[in-house]
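input_16.txt follows; it contains compact mmCIF, N, CA and C atoms.
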# COMPACT_ATOMS: atom_id res chain seq x y z
N MET A 1 -47.93 28.53 44.16
CA MET A 1 -48.02 27.34 43.33
C MET A 1 -48.72 26.23 44.09
N SER A 2 -49.29 25.31 43.37
CA SER A 2 -50.00 24.19 43.99
C SER A 2 -49.07 22.99 44.17
N SER A 3 -49.51 22.04 44.97
CA SER A 3 -48.75 20.80 45.15
C SER A 3 -48.50 20.12 43.83
N GLN A 4 -49.50 20.12 42.94
CA GLN A 4 -49.32 19.48 41.64
C GLN A 4 -48.26 20.20 40.82
N THR A 5 -48.19 21.53 40.92
CA THR A 5 -47.19 22.29 40.17
C THR A 5 -45.78 21.92 40.64
N TYR A 6 -45.58 21.83 41.94
CA TYR A 6 -44.26 21.42 42.45
C TYR A 6 -43.95 19.98 42.02
N MET A 7 -44.97 19.12 42.06
CA MET A 7 -44.75 17.75 41.62
C MET A 7 -44.43 17.71 40.13
N ASP A 8 -45.02 18.60 39.35
CA ASP A 8 -44.70 18.66 37.92
C ASP A 8 -43.22 18.97 37.71
N ILE A 9 -42.66 19.83 38.54
CA ILE A 9 -41.22 20.13 38.46
C ILE A 9 -40.42 18.87 38.81
N ALA A 10 -40.83 18.17 39.84
CA ALA A 10 -40.16 16.92 40.21
C ALA A 10 -40.27 15.89 39.08
N LEU A 11 -41.42 15.85 38.43
CA LEU A 11 -41.61 14.93 37.29
C LEU A 11 -40.68 15.29 36.13
N GLN A 12 -40.44 16.58 35.91
CA GLN A 12 -39.47 17.00 34.89
C GLN A 12 -38.08 16.47 35.21
N GLU A 13 -37.71 16.56 36.49
CA GLU A 13 -36.41 16.02 36.92
C GLU A 13 -36.36 14.51 36.73
N ALA A 14 -37.47 13.84 37.01
CA ALA A 14 -37.53 12.38 36.82
C ALA A 14 -37.38 12.03 35.34
N GLN A 15 -38.06 12.76 34.47
CA GLN A 15 -37.93 12.51 33.03
C GLN A 15 -36.49 12.69 32.57
N ALA A 16 -35.85 13.74 33.03
CA ALA A 16 -34.45 13.99 32.67
C ALA A 16 -33.55 12.87 33.17
N ALA A 17 -33.82 12.37 34.37
CA ALA A 17 -33.04 11.25 34.91
C ALA A 17 -33.21 10.02 34.02
N GLY A 18 -34.45 9.73 33.64
CA GLY A 18 -34.71 8.59 32.76
C GLY A 18 -33.99 8.72 31.44
N GLN A 19 -33.93 9.91 30.89
CA GLN A 19 -33.23 10.15 29.62
C GLN A 19 -31.73 9.94 29.76
N ARG A 20 -31.21 10.10 30.98
CA ARG A 20 -29.79 9.85 31.24
C ARG A 20 -29.52 8.37 31.53
N GLY A 21 -30.58 7.56 31.53
CA GLY A 21 -30.42 6.14 31.84
C GLY A 21 -30.52 5.82 33.32
N GLU A 22 -30.92 6.81 34.11
CA GLU A 22 -31.11 6.62 35.55
C GLU A 22 -32.56 6.23 35.80
N VAL A 23 -32.82 5.57 36.92
CA VAL A 23 -34.20 5.31 37.31
C VAL A 23 -34.89 6.67 37.44
N PRO A 24 -36.04 6.85 36.77
CA PRO A 24 -36.65 8.18 36.71
C PRO A 24 -37.37 8.61 38.00
N VAL A 25 -36.57 9.17 38.88
CA VAL A 25 -37.09 9.74 40.12
C VAL A 25 -36.57 11.17 40.20
N GLY A 26 -37.47 12.09 40.54
CA GLY A 26 -37.10 13.48 40.68
C GLY A 26 -37.58 14.05 42.00
N ALA A 27 -36.88 15.08 42.46
CA ALA A 27 -37.22 15.70 43.74
C ALA A 27 -37.03 17.21 43.67
N VAL A 28 -37.82 17.92 44.47
CA VAL A 28 -37.77 19.38 44.56
C VAL A 28 -37.92 19.75 46.03
N VAL A 29 -37.14 20.74 46.47
CA VAL A 29 -37.29 21.28 47.82
C VAL A 29 -37.73 22.73 47.69
N ILE A 30 -38.80 23.07 48.43
CA ILE A 30 -39.28 24.45 48.44
C ILE A 30 -39.12 25.04 49.84
N ASP A 31 -38.91 26.34 49.89
CA ASP A 31 -38.77 27.01 51.18
C ASP A 31 -40.12 27.50 51.69
N ARG A 32 -40.13 28.18 52.81
CA ARG A 32 -41.39 28.60 53.44
C ARG A 32 -42.18 29.60 52.59
N GLU A 33 -41.50 30.32 51.69
CA GLU A 33 -42.20 31.25 50.80
C GLU A 33 -42.73 30.57 49.54
N GLY A 34 -42.39 29.30 49.37
CA GLY A 34 -42.83 28.57 48.19
C GLY A 34 -41.87 28.61 47.02
N ALA A 35 -40.67 29.12 47.25
CA ALA A 35 -39.66 29.18 46.19
C ALA A 35 -38.94 27.83 46.08
N VAL A 36 -38.70 27.41 44.86
CA VAL A 36 -37.92 26.19 44.63
C VAL A 36 -36.47 26.54 44.89
N ILE A 37 -35.86 25.89 45.88
CA ILE A 37 -34.46 26.19 46.18
C ILE A 37 -33.53 25.06 45.76
N ALA A 38 -34.09 23.89 45.44
CA ALA A 38 -33.26 22.78 44.97
C ALA A 38 -34.13 21.83 44.17
N ARG A 39 -33.52 21.23 43.16
CA ARG A 39 -34.20 20.22 42.36
C ARG A 39 -33.14 19.26 41.84
N ALA A 40 -33.54 18.00 41.74
CA ALA A 40 -32.56 16.99 41.31
C ALA A 40 -33.28 15.74 40.81
N GLY A 41 -32.57 14.98 40.02
CA GLY A 41 -33.02 13.67 39.60
C GLY A 41 -31.96 12.66 39.99
N ASN A 42 -32.32 11.40 39.98
CA ASN A 42 -31.35 10.35 40.30
C ASN A 42 -30.09 10.49 39.46
N ARG A 43 -28.92 10.24 40.07
CA ARG A 43 -27.63 10.27 39.38
C ARG A 43 -26.70 9.18 39.90
N THR A 44 -27.27 8.07 40.35
CA THR A 44 -26.43 7.02 40.94
C THR A 44 -25.44 6.44 39.94
N ARG A 45 -25.87 6.21 38.72
CA ARG A 45 -24.98 5.63 37.70
C ARG A 45 -23.98 6.67 37.21
N GLU A 46 -24.48 7.85 36.93
CA GLU A 46 -23.61 8.91 36.42
C GLU A 46 -22.47 9.23 37.39
N LEU A 47 -22.79 9.28 38.68
CA LEU A 47 -21.80 9.64 39.69
C LEU A 47 -21.12 8.43 40.34
N ASN A 48 -21.54 7.22 39.92
CA ASN A 48 -21.03 5.99 40.56
C ASN A 48 -21.17 6.09 42.08
N ASP A 49 -22.37 6.49 42.50
CA ASP A 49 -22.63 6.77 43.91
C ASP A 49 -24.00 6.22 44.28
N PRO A 50 -24.05 5.15 45.06
CA PRO A 50 -25.35 4.57 45.42
C PRO A 50 -26.20 5.49 46.29
N THR A 51 -25.62 6.55 46.83
CA THR A 51 -26.41 7.49 47.64
C THR A 51 -26.93 8.67 46.82
N ALA A 52 -26.67 8.71 45.53
CA ALA A 52 -27.06 9.86 44.70
C ALA A 52 -28.51 9.74 44.23
N HIS A 53 -29.40 9.45 45.17
CA HIS A 53 -30.83 9.45 44.89
C HIS A 53 -31.28 10.90 44.77
N ALA A 54 -32.38 11.12 44.05
CA ALA A 54 -32.90 12.47 43.83
C ALA A 54 -33.10 13.21 45.15
N GLU A 55 -33.67 12.52 46.13
CA GLU A 55 -33.95 13.17 47.42
C GLU A 55 -32.67 13.64 48.11
N ILE A 56 -31.67 12.78 48.13
CA ILE A 56 -30.40 13.11 48.79
C ILE A 56 -29.75 14.31 48.10
N LEU A 57 -29.71 14.28 46.76
CA LEU A 57 -29.10 15.38 46.02
C LEU A 57 -29.85 16.69 46.24
N ALA A 58 -31.18 16.63 46.25
CA ALA A 58 -31.98 17.83 46.48
C ALA A 58 -31.80 18.35 47.91
N ILE A 59 -31.75 17.46 48.88
CA ILE A 59 -31.55 17.87 50.27
C ILE A 59 -30.18 18.51 50.43
N ARG A 60 -29.15 17.91 49.83
CA ARG A 60 -27.80 18.50 49.92
C ARG A 60 -27.79 19.92 49.35
N ALA A 61 -28.39 20.09 48.17
CA ALA A 61 -28.41 21.40 47.53
C ALA A 61 -29.24 22.40 48.35
N ALA A 62 -30.35 21.94 48.91
CA ALA A 62 -31.20 22.82 49.72
C ALA A 62 -30.47 23.25 50.99
N CYS A 63 -29.77 22.34 51.63
CA CYS A 63 -29.00 22.70 52.83
C CYS A 63 -27.92 23.72 52.49
N ALA A 64 -27.26 23.53 51.35
CA ALA A 64 -26.24 24.48 50.92
C ALA A 64 -26.88 25.85 50.68
N ALA A 65 -28.03 25.88 50.02
CA ALA A 65 -28.71 27.14 49.73
C ALA A 65 -29.19 27.82 51.01
N ALA A 66 -29.65 27.02 51.97
CA ALA A 66 -30.15 27.56 53.23
C ALA A 66 -29.03 27.90 54.21
N GLY A 67 -27.84 27.37 53.95
CA GLY A 67 -26.72 27.59 54.87
C GLY A 67 -26.91 26.88 56.19
N SER A 68 -27.59 25.73 56.14
CA SER A 68 -27.89 24.99 57.36
C SER A 68 -28.11 23.52 57.04
N GLU A 69 -27.83 22.68 58.03
CA GLU A 69 -28.13 21.25 57.86
C GLU A 69 -29.58 20.93 58.21
N ARG A 70 -30.32 21.91 58.64
CA ARG A 70 -31.72 21.75 59.03
C ARG A 70 -32.63 22.50 58.07
N LEU A 71 -33.70 21.85 57.67
CA LEU A 71 -34.66 22.44 56.74
C LEU A 71 -36.06 22.38 57.34
N GLY A 72 -36.18 22.82 58.57
CA GLY A 72 -37.42 22.67 59.33
C GLY A 72 -38.65 23.31 58.76
N ASP A 73 -38.50 24.29 57.90
CA ASP A 73 -39.68 24.95 57.32
C ASP A 73 -39.74 24.73 55.81
N HIS A 74 -39.13 23.65 55.35
CA HIS A 74 -39.08 23.33 53.93
C HIS A 74 -39.91 22.08 53.63
N VAL A 75 -40.27 21.94 52.36
CA VAL A 75 -41.06 20.80 51.90
C VAL A 75 -40.32 20.10 50.77
N LEU A 76 -40.29 18.78 50.83
CA LEU A 76 -39.70 17.96 49.77
C LEU A 76 -40.82 17.33 48.95
N TYR A 77 -40.77 17.51 47.65
CA TYR A 77 -41.65 16.83 46.71
C TYR A 77 -40.80 15.81 45.98
N VAL A 78 -41.26 14.57 45.92
CA VAL A 78 -40.51 13.52 45.24
C VAL A 78 -41.48 12.60 44.52
N THR A 79 -41.09 12.12 43.36
CA THR A 79 -42.01 11.36 42.51
C THR A 79 -42.26 9.95 43.00
N LEU A 80 -41.37 9.41 43.81
CA LEU A 80 -41.51 8.04 44.31
C LEU A 80 -41.33 8.04 45.82
N GLU A 81 -42.08 7.19 46.49
CA GLU A 81 -41.93 7.04 47.94
C GLU A 81 -40.45 6.87 48.30
N PRO A 82 -39.94 7.67 49.21
CA PRO A 82 -38.53 7.56 49.58
C PRO A 82 -38.18 6.19 50.17
N CYS A 83 -36.97 5.74 49.85
CA CYS A 83 -36.45 4.50 50.42
C CYS A 83 -36.03 4.78 51.87
N ALA A 84 -35.59 3.76 52.56
CA ALA A 84 -35.19 3.93 53.97
C ALA A 84 -34.02 4.91 54.11
N MET A 85 -33.06 4.85 53.19
CA MET A 85 -31.91 5.77 53.26
C MET A 85 -32.38 7.21 53.12
N CYS A 86 -33.23 7.46 52.14
CA CYS A 86 -33.72 8.82 51.92
C CYS A 86 -34.63 9.28 53.05
N ALA A 87 -35.44 8.38 53.59
CA ALA A 87 -36.28 8.73 54.74
C ALA A 87 -35.40 9.12 55.92
N GLY A 88 -34.29 8.43 56.10
CA GLY A 88 -33.35 8.80 57.16
C GLY A 88 -32.78 10.19 56.95
N ALA A 89 -32.45 10.52 55.71
CA ALA A 89 -31.93 11.86 55.40
C ALA A 89 -33.00 12.92 55.62
N ILE A 90 -34.22 12.59 55.28
CA ILE A 90 -35.35 13.53 55.47
C ILE A 90 -35.52 13.85 56.95
N THR A 91 -35.47 12.84 57.79
CA THR A 91 -35.62 13.08 59.23
C THR A 91 -34.41 13.81 59.79
N ALA A 92 -33.21 13.50 59.30
CA ALA A 92 -32.01 14.20 59.78
C ALA A 92 -32.05 15.67 59.40
N ALA A 93 -32.59 15.98 58.23
CA ALA A 93 -32.69 17.37 57.78
C ALA A 93 -33.87 18.11 58.42
N ARG A 94 -34.72 17.37 59.11
CA ARG A 94 -35.88 17.94 59.81
C ARG A 94 -36.86 18.63 58.85
N LEU A 95 -37.02 18.07 57.65
CA LEU A 95 -37.98 18.63 56.70
C LEU A 95 -39.37 18.64 57.32
N ALA A 96 -40.12 19.70 57.05
CA ALA A 96 -41.46 19.83 57.63
C ALA A 96 -42.45 18.87 57.02
N ARG A 97 -42.34 18.67 55.70
CA ARG A 97 -43.33 17.84 55.00
C ARG A 97 -42.66 17.13 53.83
N VAL A 98 -43.15 15.94 53.54
CA VAL A 98 -42.74 15.17 52.37
C VAL A 98 -44.00 14.86 51.57
N VAL A 99 -43.94 15.19 50.29
CA VAL A 99 -45.05 14.91 49.38
C VAL A 99 -44.50 13.99 48.31
N TYR A 100 -45.10 12.80 48.17
CA TYR A 100 -44.60 11.91 47.12
C TYR A 100 -45.72 11.42 46.23
N GLY A 101 -45.32 10.96 45.04
CA GLY A 101 -46.26 10.50 44.03
C GLY A 101 -46.58 9.03 44.16
N ALA A 102 -45.77 8.20 43.55
CA ALA A 102 -46.02 6.76 43.49
C ALA A 102 -45.53 6.06 44.76
N SER A 103 -46.28 5.06 45.19
CA SER A 103 -45.84 4.20 46.28
C SER A 103 -44.77 3.25 45.76
N ASP A 104 -43.92 2.77 46.64
CA ASP A 104 -42.87 1.84 46.25
C ASP A 104 -42.93 0.59 47.12
N PRO A 105 -43.76 -0.40 46.70
CA PRO A 105 -43.92 -1.61 47.51
C PRO A 105 -42.63 -2.41 47.68
N LYS A 106 -41.69 -2.26 46.74
CA LYS A 106 -40.45 -3.03 46.79
C LYS A 106 -39.39 -2.39 47.71
N SER A 107 -39.22 -1.07 47.60
CA SER A 107 -38.12 -0.42 48.32
C SER A 107 -38.52 0.79 49.15
N GLY A 108 -39.81 1.04 49.27
CA GLY A 108 -40.25 2.20 50.03
C GLY A 108 -39.86 2.12 51.49
N GLY A 109 -39.64 3.29 52.07
CA GLY A 109 -39.26 3.33 53.48
C GLY A 109 -40.17 4.19 54.33
N VAL A 110 -41.29 4.64 53.75
CA VAL A 110 -42.21 5.52 54.47
C VAL A 110 -43.49 4.77 54.83
N ALA A 111 -44.25 4.38 53.82
CA ALA A 111 -45.51 3.65 54.05
C ALA A 111 -45.32 2.15 53.86
N GLN A 112 -44.23 1.77 53.21
CA GLN A 112 -43.92 0.37 52.94
C GLN A 112 -42.66 -0.02 53.74
N GLY A 113 -42.31 -1.26 53.69
CA GLY A 113 -41.02 -1.71 54.21
C GLY A 113 -40.64 -1.20 55.58
N ALA A 114 -39.53 -0.49 55.64
CA ALA A 114 -38.92 -0.06 56.90
C ALA A 114 -39.78 0.91 57.71
N ARG A 115 -40.61 1.67 57.06
CA ARG A 115 -41.46 2.67 57.73
C ARG A 115 -40.66 3.48 58.75
N VAL A 116 -39.64 4.12 58.24
CA VAL A 116 -38.67 4.85 59.06
C VAL A 116 -39.33 5.84 60.01
N PHE A 117 -40.31 6.59 59.53
CA PHE A 117 -40.91 7.63 60.37
C PHE A 117 -41.72 7.05 61.53
N ALA A 118 -42.11 5.80 61.42
CA ALA A 118 -42.89 5.15 62.48
C ALA A 118 -41.99 4.47 63.52
N HIS A 119 -40.69 4.42 63.25
CA HIS A 119 -39.77 3.74 64.16
C HIS A 119 -39.59 4.56 65.43
N PRO A 120 -39.54 3.90 66.60
CA PRO A 120 -39.41 4.65 67.86
C PRO A 120 -38.13 5.46 67.97
N GLN A 121 -37.09 5.11 67.21
CA GLN A 121 -35.84 5.86 67.26
C GLN A 121 -35.79 7.01 66.27
N CYS A 122 -36.86 7.24 65.54
CA CYS A 122 -36.92 8.35 64.58
C CYS A 122 -37.03 9.65 65.38
N HIS A 123 -36.08 10.55 65.20
CA HIS A 123 -36.02 11.79 65.98
C HIS A 123 -36.97 12.88 65.48
N HIS A 124 -37.36 12.81 64.22
CA HIS A 124 -38.23 13.83 63.64
C HIS A 124 -39.16 13.16 62.63
N VAL A 125 -40.43 13.43 62.75
CA VAL A 125 -41.41 12.85 61.83
C VAL A 125 -42.06 14.00 61.04
N PRO A 126 -41.80 14.05 59.73
CA PRO A 126 -42.44 15.09 58.94
C PRO A 126 -43.88 14.73 58.63
N GLU A 127 -44.65 15.72 58.24
CA GLU A 127 -45.97 15.44 57.70
C GLU A 127 -45.76 14.73 56.37
N VAL A 128 -46.55 13.73 56.08
CA VAL A 128 -46.41 12.98 54.83
C VAL A 128 -47.72 13.06 54.04
N VAL A 129 -47.59 13.40 52.76
CA VAL A 129 -48.72 13.43 51.84
C VAL A 129 -48.34 12.54 50.67
N ASP A 130 -49.19 11.59 50.32
CA ASP A 130 -48.87 10.70 49.22
C ASP A 130 -49.88 10.83 48.09
N GLY A 131 -49.53 10.28 46.94
CA GLY A 131 -50.45 10.21 45.82
C GLY A 131 -50.52 11.43 44.92
N VAL A 132 -49.72 12.47 45.16
CA VAL A 132 -49.73 13.65 44.30
C VAL A 132 -48.92 13.34 43.04
N GLY A 133 -49.55 13.38 41.90
CA GLY A 133 -48.87 13.04 40.64
C GLY A 133 -48.59 11.56 40.49
N GLU A 134 -49.33 10.76 41.23
CA GLU A 134 -49.07 9.31 41.27
C GLU A 134 -49.12 8.65 39.90
N ALA A 135 -50.14 8.94 39.11
CA ALA A 135 -50.29 8.28 37.81
C ALA A 135 -49.12 8.60 36.88
N GLN A 136 -48.72 9.86 36.84
CA GLN A 136 -47.60 10.25 35.98
C GLN A 136 -46.30 9.60 36.44
N ALA A 137 -46.06 9.59 37.75
CA ALA A 137 -44.84 8.99 38.28
C ALA A 137 -44.80 7.49 38.00
N GLU A 138 -45.92 6.82 38.22
CA GLU A 138 -45.98 5.38 37.94
C GLU A 138 -45.73 5.10 36.46
N ALA A 139 -46.33 5.91 35.59
CA ALA A 139 -46.16 5.70 34.15
C ALA A 139 -44.69 5.85 33.74
N LEU A 140 -44.00 6.86 34.28
CA LEU A 140 -42.58 7.05 33.98
C LEU A 140 -41.77 5.81 34.38
N LEU A 141 -42.03 5.31 35.56
CA LEU A 141 -41.29 4.15 36.05
C LEU A 141 -41.61 2.89 35.24
N LYS A 142 -42.88 2.66 34.97
CA LYS A 142 -43.27 1.47 34.20
C LYS A 142 -42.68 1.51 32.81
N ASP A 143 -42.75 2.65 32.15
CA ASP A 143 -42.18 2.78 30.81
C ASP A 143 -40.67 2.55 30.82
N PHE A 144 -40.00 3.12 31.80
CA PHE A 144 -38.55 2.97 31.92
C PHE A 144 -38.16 1.51 32.04
N PHE A 145 -38.81 0.79 32.95
CA PHE A 145 -38.44 -0.62 33.17
C PHE A 145 -38.92 -1.53 32.05
N THR A 146 -40.01 -1.19 31.40
CA THR A 146 -40.48 -1.98 30.26
C THR A 146 -39.47 -1.91 29.12
N GLU A 147 -38.91 -0.73 28.88
CA GLU A 147 -37.92 -0.55 27.82
C GLU A 147 -36.64 -1.33 28.09
N ARG A 148 -36.33 -1.59 29.34
CA ARG A 148 -35.09 -2.26 29.69
C ARG A 148 -35.22 -3.76 29.79
N ARG A 149 -36.43 -4.28 29.70
CA ARG A 149 -36.62 -5.73 29.83
C ARG A 149 -36.73 -6.39 28.50
Written form, structure tokens:
Amino acid sequence: MSSQTYMDIALQEAQAAGQRGEVPVGAVVIDREGAVIARAGNRTRELNDPTAHAEILAIRAACAAAGSERLGDHVLYVTLEPCAMCAGAITAARLARVVYGASDPKSGGVAQGARVFAHPQCHHVPEVVDGVGEAQAEALLKDFFTERR
């Protein structure tokens, strides 16, 4: 499968999150063979859990599937630039690569704001690819927030 195909799966998770009233962010973790081993959308409101971001939920499920707290040969696809909390989880899980769609100038923690992976205390820096599915991810977010204002 291509990067866009994996991002399309993450976008499906984001759409489902938006339909549940959550901020529409979706994430997918694939293993070294390219199999999807975890997928999730935001569930912070549903679970009353501020840590229930799509990335965190997908990483938890992927670690459970892998039987390890380390995902060194796995890739995370996420529709929005991870926040600082999620970037911290990504580095703790030792993910090989992070692919994200839309940039997040307000709360991003990778290319914006905290820039977690650039911090000298960051123990693991994954490869980062941005802009995959960016237009679709941005449209989901803009539509979601427009409807709520």
If I take atom N of Val110 in chain A and atom C of Leu80 in chain A, how far is one from the other in Å, to one decimal?
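Going from atom N of Val110 in chain A over to atom C of Leu80 in chain A covers 8.6 Å.
The point (-42.6, 15.1, 39.3) has these residues within 8 Å of it, counting all atoms listed in the file: Gln4, Thr5, Tyr6, Met7, Asp8, Ile9, Ala10, Leu11, Gln12, Glu13, Ala14, Gln15, Val25, Gly26, Ala27, Val28, Tyr77, Val78, Thr79, Leu80, Gly101, Val132, Gly133, Gln136 and Ala137 of chain A.
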Quick one: residues within 8 Å of Arg70 in chain A, all atoms listed in the file counted, chain neighbours fewer than 4 positions away excluded, as a list in words?
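So, after excluding close chain neighbours, the residues are Ala62, Cys63, Ala66, His74, Ala92, Ala93, Arg94 and Leu95 of chain A.
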With N, CA and C atoms kept, could you save the residues just selected as an mmCIF file, in the coordinates of the input?
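selection.cif written:
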data_model
loop_
_atom_site.group_PDB
_atom_site.id
_atom_site.type_symbol
_atom_site.label_atom_id
_atom_site.label_comp_id
_atom_site.auth_asym_id
_atom_site.auth_seq_id
_atom_site.Cartn_x
_atom_site.Cartn_y
_atom_site.Cartn_z
ATOM 1 N N ALA A 62 -30.350 21.940 48.910
ATOM 2 C CA ALA A 62 -31.200 22.820 49.720
ATOM 3 C C ALA A 62 -30.470 23.250 50.990
ATOM 4 N N CYS A 63 -29.770 22.340 51.630
ATOM 5 C CA CYS A 63 -29.000 22.700 52.830
ATOM 6 C C CYS A 63 -27.920 23.720 52.490
ATOM 7 N N ALA A 66 -29.650 27.020 51.970
ATOM 8 C CA ALA A 66 -30.150 27.560 53.230
ATOM 9 C C ALA A 66 -29.030 27.900 54.210
ATOM 10 N N HIS A 74 -39.130 23.650 55.350
ATOM 11 C CA HIS A 74 -39.080 23.330 53.930
ATOM 12 C C HIS A 74 -39.910 22.080 53.630
ATOM 13 N N ALA A 92 -33.210 13.500 59.300
ATOM 14 C CA ALA A 92 -32.010 14.200 59.780
ATOM 15 C C ALA A 92 -32.050 15.670 59.400
ATOM 16 N N ALA A 93 -32.590 15.980 58.230
ATOM 17 C CA ALA A 93 -32.690 17.370 57.780
ATOM 18 C C ALA A 93 -33.870 18.110 58.420
ATOM 19 N N ARG A 94 -34.720 17.370 59.110
ATOM 20 C CA ARG A 94 -35.880 17.940 59.810
ATOM 21 C C ARG A 94 -36.860 18.630 58.850
ATOM 22 N N LEU A 95 -37.020 18.070 57.650
ATOM 23 C CA LEU A 95 -37.980 18.630 56.700
ATOM 24 C C LEU A 95 -39.370 18.640 57.320
#
Within 6 Å of Leu76 in chain A, counting all atoms listed in the file, which residues qualify if same-chain residues fewer than 6 places away don't, as a VMD selection string?
chain A and resid 28 to 30 97 to 99
Residues from last step as file, N, CA and C atoms, as a compact mmCIF listing (two decimals), keeping the file's coordinate frame:
# COMPACT_ATOMS: atom_id res chain seq x y z
N VAL A 28 -37.82 17.92 44.47
CA VAL A 28 -37.77 19.38 44.56
C VAL A 28 -37.92 19.75 46.03
N VAL A 29 -37.14 20.74 46.47
CA VAL A 29 -37.29 21.28 47.82
C VAL A 29 -37.73 22.73 47.69
N ILE A 30 -38.80 23.07 48.43
CA ILE A 30 -39.28 24.45 48.44
C ILE A 30 -39.12 25.04 49.84
N ARG A 97 -42.34 18.67 55.70
CA ARG A 97 -43.33 17.84 55.00
C ARG A 97 -42.66 17.13 53.83
N VAL A 98 -43.15 15.94 53.54
CA VAL A 98 -42.74 15.17 52.37
C VAL A 98 -44.00 14.86 51.57
N VAL A 99 -43.94 15.19 50.29
CA VAL A 99 -45.05 14.91 49.38
C VAL A 99 -44.50 13.99 48.31
With distances taken over all atoms listed in the file, which of A:Leu57, A:Ala87, A:Val75, A:Ala16 is nearest to Asp31 in chain A?
A:Val75
Complete range 121-135 of chain A with N, CA, C and O atoms (output as a tab-separated table (two decimals), in the frame of the given file).
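Result file follows (rebuild.tsv):
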chain	number	residue	atom	x	y	z
A	121	GLN	N	-37.09	5.11	67.21
A	121	GLN	CA	-35.84	5.86	67.26
A	121	GLN	C	-35.79	7.01	66.27
A	121	GLN	O	-34.80	7.72	66.20
A	122	CYS	N	-36.86	7.24	65.54
A	122	CYS	CA	-36.92	8.35	64.58
A	122	CYS	C	-37.03	9.65	65.38
A	122	CYS	O	-37.96	9.84	66.15
A	123	HIS	N	-36.08	10.55	65.20
A	123	HIS	CA	-36.02	11.79	65.98
A	123	HIS	C	-36.97	12.88	65.48
A	123	HIS	O	-37.31	13.79	66.23
A	124	HIS	N	-37.36	12.81	64.22
A	124	HIS	CA	-38.23	13.83	63.64
A	124	HIS	C	-39.16	13.16	62.63
A	124	HIS	O	-38.71	12.41	61.78
A	125	VAL	N	-40.43	13.43	62.75
A	125	VAL	CA	-41.41	12.85	61.83
A	125	VAL	C	-42.06	14.00	61.04
A	125	VAL	O	-42.78	14.81	61.61
A	126	PRO	N	-41.80	14.05	59.73
A	126	PRO	CA	-42.44	15.09	58.94
A	126	PRO	C	-43.88	14.73	58.63
A	126	PRO	O	-44.28	13.57	58.74
A	127	GLU	N	-44.65	15.72	58.24
A	127	GLU	CA	-45.97	15.44	57.70
A	127	GLU	C	-45.76	14.73	56.37
A	127	GLU	O	-44.85	15.08	55.61
A	128	VAL	N	-46.55	13.73	56.08
A	128	VAL	CA	-46.41	12.98	54.83
A	128	VAL	C	-47.72	13.06	54.04
A	128	VAL	O	-48.79	12.81	54.59
A	129	VAL	N	-47.59	13.40	52.76
A	129	VAL	CA	-48.72	13.43	51.84
A	129	VAL	C	-48.34	12.54	50.67
A	129	VAL	O	-47.27	12.70	50.09
A	130	ASP	N	-49.19	11.59	50.32
A	130	ASP	CA	-48.87	10.70	49.22
A	130	ASP	C	-49.88	10.83	48.09
A	130	ASP	O	-50.93	11.44	48.26
A	131	GLY	N	-49.53	10.28	46.94
A	131	GLY	CA	-50.45	10.21	45.82
A	131	GLY	C	-50.52	11.43	44.92
A	131	GLY	O	-51.28	11.43	43.94
A	132	VAL	N	-49.72	12.47	45.16
A	132	VAL	CA	-49.73	13.65	44.30
A	132	VAL	C	-48.92	13.34	43.04
A	132	VAL	O	-47.74	13.00	43.12
A	133	GLY	N	-49.55	13.38	41.90
A	133	GLY	CA	-48.87	13.04	40.64
A	133	GLY	C	-48.59	11.56	40.49
A	133	GLY	O	-47.73	11.16	39.71
A	134	GLU	N	-49.33	10.76	41.23
A	134	GLU	CA	-49.07	9.31	41.27
A	134	GLU	C	-49.12	8.65	39.90
A	134	GLU	O	-48.22	7.88	39.54
A	135	ALA	N	-50.14	8.94	39.11
A	135	ALA	CA	-50.29	8.28	37.81
A	135	ALA	C	-49.12	8.60	36.88
A	135	ALA	O	-48.59	7.70	36.21
